[in-house]
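Visitor: Next comes the structure file start25.txt, holding compact mmCIF, C-alpha atoms and all ligand atoms.
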# COMPACT_ATOMS: atom_id res chain seq x y z
CA MET A 24 -4.62 87.78 70.93
CA THR A 25 -2.34 87.42 73.91
CA ASP A 26 -3.63 88.25 77.36
CA VAL A 27 -1.18 90.97 78.33
CA SER A 28 -2.32 91.03 81.98
CA GLU A 29 -0.99 87.51 82.63
CA ALA A 30 2.02 87.63 80.37
CA ALA A 31 5.28 89.24 81.41
CA ILE A 32 6.46 89.31 77.81
CA THR A 33 4.42 89.30 74.61
CA ALA A 34 5.48 89.80 71.02
CA ASP A 35 3.39 89.96 67.91
CA GLY A 36 5.18 89.81 64.58
CA LEU A 37 8.35 91.30 66.05
CA THR A 38 10.73 92.00 63.18
CA LYS A 39 14.12 93.65 62.72
CA ARG A 40 15.83 94.20 59.40
CA TYR A 41 19.41 95.43 59.05
CA GLY A 42 19.67 96.39 55.39
CA ASP A 43 19.07 93.14 53.53
CA VAL A 44 19.45 91.03 56.66
CA GLU A 45 16.21 89.89 58.27
CA ALA A 46 17.71 89.48 61.75
CA VAL A 47 14.34 88.78 63.39
CA ASP A 48 11.41 87.83 61.23
CA GLY A 49 7.93 87.92 62.74
CA VAL A 50 8.47 86.54 66.24
CA ASP A 51 5.41 85.90 68.42
CA LEU A 52 5.85 85.33 72.13
CA SER A 53 3.66 84.91 75.17
CA ILE A 54 5.67 84.32 78.32
CA SER A 55 3.86 84.03 81.64
CA SER A 56 4.88 85.99 84.69
CA GLY A 57 7.40 84.05 86.73
CA ALA A 58 8.34 81.67 83.93
CA VAL A 59 11.82 80.86 82.68
CA TYR A 60 11.89 81.00 78.88
CA GLY A 61 14.90 79.27 77.35
CA PHE A 62 15.80 80.94 74.06
CA LEU A 63 17.89 78.73 71.82
CA GLY A 64 19.18 79.16 68.32
CA PRO A 65 22.32 78.81 66.21
CA ASN A 66 24.84 81.66 65.92
CA GLY A 67 23.30 84.54 64.03
CA ALA A 68 19.71 83.29 64.50
CA GLY A 69 18.61 86.66 65.90
CA LYS A 70 18.52 85.94 69.65
CA THR A 71 20.48 89.01 70.76
CA THR A 72 18.50 91.24 68.39
CA THR A 73 15.24 89.90 69.85
CA ILE A 74 16.43 90.60 73.39
CA GLU A 75 17.65 94.06 72.42
CA MET A 76 14.19 94.89 71.08
CA LEU A 77 12.43 93.52 74.18
CA ALA A 78 14.88 95.40 76.43
CA THR A 79 13.97 98.59 74.49
CA LEU A 80 17.51 99.10 73.19
CA VAL A 81 16.75 98.51 69.52
CA GLU A 82 13.62 99.65 67.71
CA PRO A 83 11.75 97.00 65.74
CA THR A 84 11.25 97.43 62.01
CA ALA A 85 7.76 95.97 62.40
CA GLY A 86 5.60 94.25 64.98
CA THR A 87 4.81 95.02 68.59
CA ALA A 88 5.79 93.68 72.00
CA THR A 89 5.06 94.30 75.66
CA VAL A 90 7.26 93.75 78.68
CA ALA A 91 5.92 93.95 82.24
CA GLY A 92 2.63 95.20 80.79
CA HIS A 93 4.10 98.12 78.85
CA PRO A 94 4.69 98.48 75.12
CA ILE A 95 8.37 98.39 74.21
CA SER A 96 7.97 101.83 72.63
CA ASP A 97 7.66 103.16 76.21
CA ARG A 98 11.25 102.74 77.40
CA ASP A 99 10.80 104.89 80.53
CA ALA A 100 7.91 102.72 81.74
CA ILE A 101 9.73 99.44 81.13
CA LYS A 102 13.21 100.32 82.35
CA PRO A 103 12.57 100.04 86.13
CA HIS A 104 11.02 96.60 85.63
CA ILE A 105 13.80 94.94 83.66
CA GLY A 106 17.38 93.85 84.04
CA TYR A 107 19.63 92.92 81.15
CA LEU A 108 22.87 91.01 81.02
CA PRO A 109 24.24 91.44 77.50
CA ASP A 110 26.78 89.00 76.05
CA GLU A 111 29.53 91.54 76.85
CA PRO A 112 28.77 92.87 80.35
CA PRO A 113 29.13 96.67 80.47
CA VAL A 114 31.44 97.16 83.44
CA TYR A 115 34.11 99.78 84.10
CA ASP A 116 37.59 98.34 84.42
CA ALA A 117 38.64 101.19 86.69
CA PHE A 118 35.98 100.29 89.28
CA SER A 119 36.02 97.50 91.79
CA ALA A 120 33.02 95.16 91.69
CA ARG A 121 31.60 96.91 94.75
CA GLU A 122 32.04 100.35 93.17
CA GLN A 123 30.46 99.14 89.94
CA LEU A 124 27.42 97.84 91.82
CA GLU A 125 27.20 100.98 93.97
CA TYR A 126 27.30 103.05 90.78
CA VAL A 127 24.47 101.02 89.25
CA ALA A 128 22.50 101.33 92.51
CA VAL A 129 22.74 105.12 92.23
CA LEU A 130 21.66 105.03 88.57
CA ARG A 131 18.70 102.87 89.58
CA GLY A 132 17.80 105.25 92.41
CA LEU A 133 18.13 102.59 95.11
CA ASP A 134 18.27 103.52 98.78
CA ASP A 135 21.97 103.60 99.85
CA ASP A 136 21.77 101.43 102.98
CA ARG A 137 19.53 98.80 101.46
CA ALA A 138 21.66 98.75 98.33
CA ALA A 139 24.83 98.23 100.39
CA ASP A 140 23.30 95.22 102.15
CA ARG A 141 22.03 93.77 98.91
CA ILE A 142 25.41 94.28 97.22
CA ASP A 143 27.15 92.41 100.06
CA GLU A 144 24.62 89.61 99.90
CA LEU A 145 24.85 89.24 96.12
CA LEU A 146 28.66 89.38 96.05
CA ALA A 147 28.77 86.60 98.64
CA ARG A 148 26.18 84.64 96.72
CA VAL A 149 28.44 84.29 93.67
CA ASP A 150 31.65 83.95 95.67
CA LEU A 151 32.97 87.42 94.84
CA ALA A 152 33.03 88.83 98.38
CA ALA A 153 36.79 88.34 98.81
CA ASP A 154 37.51 90.09 95.47
CA ALA A 155 34.86 92.80 95.80
CA ASP A 156 37.37 95.60 96.30
CA ARG A 157 39.81 94.60 93.55
CA LEU A 158 39.67 96.43 90.23
CA ILE A 159 37.53 94.79 87.57
CA ASP A 160 40.50 95.32 85.23
CA ASP A 161 42.21 92.49 87.12
CA TYR A 162 39.20 90.17 86.92
CA SER A 163 38.90 87.02 84.85
CA GLN A 164 36.19 86.85 82.19
CA GLY A 165 34.04 84.73 84.50
CA MET A 166 34.36 87.24 87.35
CA ARG A 167 33.34 90.07 85.02
CA GLN A 168 30.39 88.00 83.90
CA LYS A 169 29.27 87.58 87.49
CA VAL A 170 29.48 91.34 88.10
CA GLY A 171 27.42 91.87 84.93
CA LEU A 172 24.79 89.50 86.22
CA LEU A 173 24.65 91.09 89.67
CA GLN A 174 24.25 94.57 88.22
CA ALA A 175 21.38 93.31 86.05
CA LEU A 176 19.45 91.99 89.04
CA LEU A 177 20.48 94.50 91.73
CA HIS A 178 17.14 96.36 91.60
CA ASP A 179 15.15 93.10 91.78
CA PRO A 180 13.56 93.45 88.34
CA ASP A 181 10.30 91.72 87.37
CA VAL A 182 11.81 90.57 84.09
CA LEU A 183 15.43 89.56 83.60
CA PHE A 184 16.99 89.19 80.15
CA LEU A 185 20.11 87.07 80.22
CA ASP A 186 22.31 86.62 77.16
CA GLU A 187 24.68 83.70 77.79
CA PRO A 188 24.87 84.14 81.58
CA THR A 189 27.27 81.23 82.08
CA ASN A 190 29.69 82.46 79.41
CA GLY A 191 33.29 82.02 80.58
CA LEU A 192 32.32 80.45 83.88
CA ASP A 193 34.02 77.36 85.27
CA PRO A 194 31.70 74.55 86.38
CA ARG A 195 31.51 75.71 89.99
CA ALA A 196 30.81 79.33 89.03
CA ALA A 197 28.27 78.21 86.42
CA ARG A 198 26.51 76.18 89.12
CA GLU A 199 26.35 79.25 91.42
CA VAL A 200 24.85 81.31 88.62
CA VAL A 201 22.35 78.63 87.58
CA ASP A 202 21.24 78.22 91.20
CA LEU A 203 20.90 81.98 91.55
CA ILE A 204 18.72 82.15 88.41
CA ASP A 205 16.64 79.26 89.76
CA ASP A 206 16.11 81.08 93.06
CA LEU A 207 15.11 84.28 91.25
CA ALA A 208 12.58 82.34 89.18
CA THR A 209 11.23 80.66 92.31
CA ALA A 210 10.80 84.12 93.84
CA GLY A 211 8.69 85.15 90.83
CA THR A 212 11.14 86.84 88.45
CA THR A 213 10.42 86.19 84.78
CA VAL A 214 13.66 85.09 83.13
CA PHE A 215 14.32 85.28 79.41
CA LEU A 216 17.40 83.13 79.06
CA SER A 217 19.37 82.96 75.84
CA THR A 218 22.10 80.35 75.94
CA HIS A 219 23.88 77.70 73.94
CA VAL A 220 24.27 75.52 77.01
CA LEU A 221 21.47 73.02 76.62
CA PRO A 222 21.73 71.37 80.05
CA VAL A 223 21.20 74.81 81.61
CA VAL A 224 18.05 75.29 79.55
CA GLU A 225 16.87 71.82 80.38
CA GLU A 226 17.35 72.44 84.08
CA LEU A 227 15.85 75.92 84.29
CA ALA A 228 13.37 76.51 81.49
CA ASP A 229 9.62 76.02 81.73
CA THR A 230 9.36 76.69 78.01
CA VAL A 231 11.95 76.60 75.26
CA GLY A 232 11.76 78.56 72.03
CA VAL A 233 14.14 77.72 69.20
CA LEU A 234 14.96 80.58 66.86
CA HIS A 235 16.33 79.82 63.41
CA GLU A 236 16.98 82.47 60.77
CA GLY A 237 14.92 84.97 62.73
CA ARG A 238 11.87 82.73 63.19
CA ILE A 239 10.68 80.56 66.04
CA VAL A 240 10.78 77.06 64.56
CA ALA A 241 9.88 75.13 67.71
CA GLU A 242 8.42 76.00 71.09
CA GLY A 243 7.32 73.97 74.07
CA ALA A 244 8.37 72.48 77.38
CA PRO A 245 11.85 70.91 77.20
CA ALA A 246 10.34 67.44 77.60
CA GLU A 247 7.83 68.15 74.84
CA LEU A 248 10.55 69.29 72.43
CA LYS A 249 12.53 66.17 73.17
CA ARG A 250 9.47 64.05 72.43
CA ARG A 251 8.94 65.89 69.17
CA ALA A 252 12.34 64.71 67.95
CA ASP A 253 11.14 61.26 68.83
CA ASP A 254 11.53 57.94 67.18
CA GLY A 255 10.29 56.08 70.20
CA SER A 256 13.59 56.17 72.08
CA GLU A 257 14.79 58.61 74.73
CA ARG A 258 16.15 61.66 72.84
CA SER A 259 18.06 64.64 74.07
CA LEU A 260 17.23 68.32 73.84
CA GLU A 261 20.40 68.64 71.78
CA ARG A 262 18.98 66.24 69.23
CA ALA A 263 15.74 68.24 69.09
CA PHE A 264 17.72 71.45 68.64
CA LEU A 265 19.81 69.98 65.83
CA GLU A 266 16.75 68.69 64.06
CA VAL A 267 14.66 71.86 64.12
CA THR A 268 17.59 74.01 63.03
CA ASP A 269 18.83 71.57 60.40
CA GLU A 270 19.81 73.47 57.24
CA SER A 271 18.99 70.50 55.02
CA GLY A 272 15.34 70.56 56.07
CA VAL A 273 15.44 66.79 56.42
CA VAL A 274 14.25 66.02 59.93
CA GLY A 275 16.54 63.52 61.55
CA ALA A 276 19.39 64.22 59.12
CA THR A 277 21.63 65.70 61.79
CA ALA A 278 22.98 63.50 64.52
CA ALA A 279 24.19 64.67 67.88
CA PRO A 280 27.92 64.13 68.48
CA GLY A 281 28.54 60.50 69.27
CA GLU A 282 25.41 59.29 67.51
CA ARG A 283 27.01 58.55 64.17
N1 LIG A 301 23.71 96.19 64.40
C1 LIG A 301 23.65 95.33 63.39
N2 LIG A 301 23.88 95.72 62.12
C2 LIG A 301 23.79 94.85 61.09
N3 LIG A 301 23.50 93.54 61.22
C3 LIG A 301 23.27 93.09 62.46
C4 LIG A 301 23.33 93.95 63.61
N4 LIG A 301 23.05 93.21 64.72
C5 LIG A 301 22.84 91.96 64.29
N5 LIG A 301 22.96 91.87 62.94
C6 LIG A 301 22.77 90.68 62.12
O1 LIG A 301 21.54 90.09 62.50
C7 LIG A 301 21.65 88.67 62.52
C8 LIG A 301 21.27 88.16 63.90
O2 LIG A 301 22.28 88.54 64.83
P1 LIG A 301 22.13 88.28 66.41
O3 LIG A 301 23.35 88.86 67.05
O4 LIG A 301 20.82 88.77 66.86
O5 LIG A 301 22.16 86.68 66.47
P2 LIG A 301 22.36 85.70 67.72
O6 LIG A 301 21.34 84.64 67.57
O7 LIG A 301 22.36 86.48 68.98
O8 LIG A 301 23.81 85.09 67.45
P3 LIG A 301 24.93 84.51 68.47
O9 LIG A 301 24.39 83.22 69.03
O10 LIG A 301 26.10 84.28 67.56
O11 LIG A 301 25.19 85.56 69.51
C9 LIG A 301 23.07 88.35 62.09
O12 LIG A 301 23.06 88.09 60.70
C10 LIG A 301 23.82 89.62 62.40
O13 LIG A 301 24.93 89.78 61.54
Here is the file; what I need is its structure written in the form of structure tokens.
Guide:
Amino acid sequence: MTDVSEAAITADGLTKRYGDVEAVDGVDLSISSGAVYGFLGPNGAGKTTTIEMLATLVEPTAGTATVAGHPISDRDAIKPHIGYLPDEPPVYDAFSAREQLEYVAVLRGLDDDRAADRIDELLARVDLAADADRLIDDYSQGMRQKVGLLQALLHDPDVLFLDEPTNGLDPRAAREVVDLIDDLATAGTTVFLSTHVLPVVEELADTVGVLHEGRIVAEGAPAELKRRADDGSERSLERAFLEVTDESGVVGATAAPGER
């Protein structure tokens, strides 16, 4: 059994079926408070569905989970403790970034003055201060993504679920976001980070879980996963990922680009 008191996120046999599709198939998790958990997996592996269940947006077909010490069946108890950046950030095109964040601050019941200061600070942090009063409709995808991230962390949640946070970001913007996530983790936020960008996982994650066809097929520290795909030479996380999610089932059958 998992010790819920020390874990920010636990899951026990978490399962979601959509008709005949087993989107998530018996996932177990135990993620310590303050850890960054890198969640990897091929397209369609069930990552978003797992996050949606943990963020109390989708009900599991079977299994249980807790987030911030509360069962995911208790949405009202969990909601104040979590932030969620979905793969398509829910922002209103007719708002400016500042208005969007002020709106979320009201929904979250944040104190007006403190929220205004925090909004200014966060906008500056991701280089959006100069564009803060332009309509989101005129924003690039990367700028929208940044607003989505800021609204997910505005209330300083204990647990942050991020689905592809660097999606659409240029290298400089991606660096700002990665550094921001790193700072949040250093300050004690638990981060559940789903991404296809392996260097980001390698830089940020304490533990990596690889989901394949709804099941966790490998889990461990990034260095440990790299060692597991080992033949005695230095191997990349990409190689480990390709091996544990290899459709052929033959370990070592898939080479990283440039290795053939
Ligand atoms: N609302 C839904 N109705 C029916 N099937 C769904 C639904 N949501 C997800 N699925 C199916 O569940 C499986 C897992 O999807 P999910 O979006 O969780 O994967 P993912 O790992 O996040 O993929 P990606 O990396 O492409 O975003 C897929 O086969 C998908 O088609």
Visitor: Out of A:Val59, A:Arg148, A:Ile95, A:Ala210, which residue has the shortest atom-to-atom distance to Val231 (chain A) when counting only C-alpha atoms?
Guide: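 Smallest distance to Val231 (chain A) is found for A:Val59.
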Visitor: Contacts between ligand LIG 301 (chain A) and chain A, please, where a residue of chain A counts if it comes within 10 Å (with only C-alpha atoms and all ligand atoms); show its shortest atom pair and distance in Å to one decimal, rows by chain and ascending number, as a tab-separated table.
Guide:
residue	atom	partner	partner_atom	distance
A:Lys39	CA	A:LIG301	O1	8.2
A:Arg40	CA	A:LIG301	O1	7.7
A:Tyr41	CA	A:LIG301	C2	4.9
A:Gly42	CA	A:LIG301	C2	7.2
A:Asp43	CA	A:LIG301	N3	8.9
A:Val44	CA	A:LIG301	O12	6.2
A:Glu45	CA	A:LIG301	O1	6.8
A:Ala46	CA	A:LIG301	O1	4.0
A:Val47	CA	A:LIG301	C8	7.0
A:Phe62	CA	A:LIG301	O6	9.3
A:Leu63	CA	A:LIG301	O6	8.1
A:Gly64	CA	A:LIG301	O6	5.9
A:Pro65	CA	A:LIG301	O9	5.6
A:Asn66	CA	A:LIG301	O10	3.3
A:Gly67	CA	A:LIG301	O5	3.4
A:Ala68	CA	A:LIG301	O6	3.7
A:Gly69	CA	A:LIG301	O4	3.2
A:Lys70	CA	A:LIG301	O6	3.7
A:Thr71	CA	A:LIG301	O7	3.6
A:Thr72	CA	A:LIG301	O4	3.7
A:Thr73	CA	A:LIG301	O4	6.4
A:Ile74	CA	A:LIG301	O4	8.1
A:Glu75	CA	A:LIG301	O4	8.3
A:Met76	CA	A:LIG301	O4	10.0
A:Val81	CA	A:LIG301	N1	8.9
A:Pro109	CA	A:LIG301	O11	10.0
A:Asp110	CA	A:LIG301	O11	7.6
A:Asp186	CA	A:LIG301	O7	8.2
A:Glu187	CA	A:LIG301	O11	8.5
A:Ser217	CA	A:LIG301	O7	8.3
A:Thr218	CA	A:LIG301	O9	7.8
A:His219	CA	A:LIG301	O9	7.4
A:Leu234	CA	A:LIG301	O6	7.6
A:His235	CA	A:LIG301	O6	8.1
A:Glu236	CA	A:LIG301	C8	7.8
A:Gly237	CA	A:LIG301	C8	7.2
Visitor: Just checking: using all atoms listed in the file, which residue out of A:Val50, A:Val90, A:Met166, A:Val220 ends up closest to Thr33 (chain A)?
Guide: A:Val90
Visitor: List the spatial neighbours of Val224 (chain A) as JSON, numbers by chain - criterion: any atom at most 12 Å away, all atoms listed in the file, same-chain residues fewer than 2 positions off excluded.
Guide: {"A": [59, 60, 61, 62, 63, 64, 185, 187, 188, 189, 201, 204, 205, 214, 215, 216, 217, 218, 219, 220, 221, 222, 226, 227, 228, 229, 230, 231, 232, 233, 244, 245, 246, 248, 259, 260, 261, 264]}
Visitor: Take the point (27.6, 81.3, 92.6) as written in the file and pick out every residue within 9 Å of it, counting all atoms listed in the file; give the list as a PyMOL selection string.
Guide: chain A and resi 146-151+169+195-203
Visitor: Provide the CA of Tyr107 (chain A) to CA of Asp156 (chain A) distance in Å, to one decimal place.
Guide: 23.5 Å
Visitor: Just checking: using all atoms listed in the file, which residue out of A:Ile101, A:Ala78, A:Leu192, A:Ala120 ends up closest to Gly165 (chain A)?
Guide: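 Of A:Ile101, A:Ala78, A:Leu192, A:Ala120, the one nearest Gly165 (chain A) is A:Leu192, counting all atoms listed in the file.
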Visitor: For CA of Thr87 (chain A) and CA of Thr38 (chain A), determine how far apart the two atoms are, in Å to one decimal place.
Guide: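 Atom-to-atom, CA of Thr87 (chain A) and CA of Thr38 (chain A) are spaced 8.6 Å apart.
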Visitor: Find the spatial neighbours of Pro103 (chain A), counting all atoms listed in the file, within a cut-off of 10 Å - ignore same-chain residues fewer than 5 positions away - and output them as a list in words.
Guide: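 Counting only the stated atoms, we get Ala91, Arg98, Arg131, Gly132, His178, Asp179, Pro180, Asp181 and Val182 of chain A.
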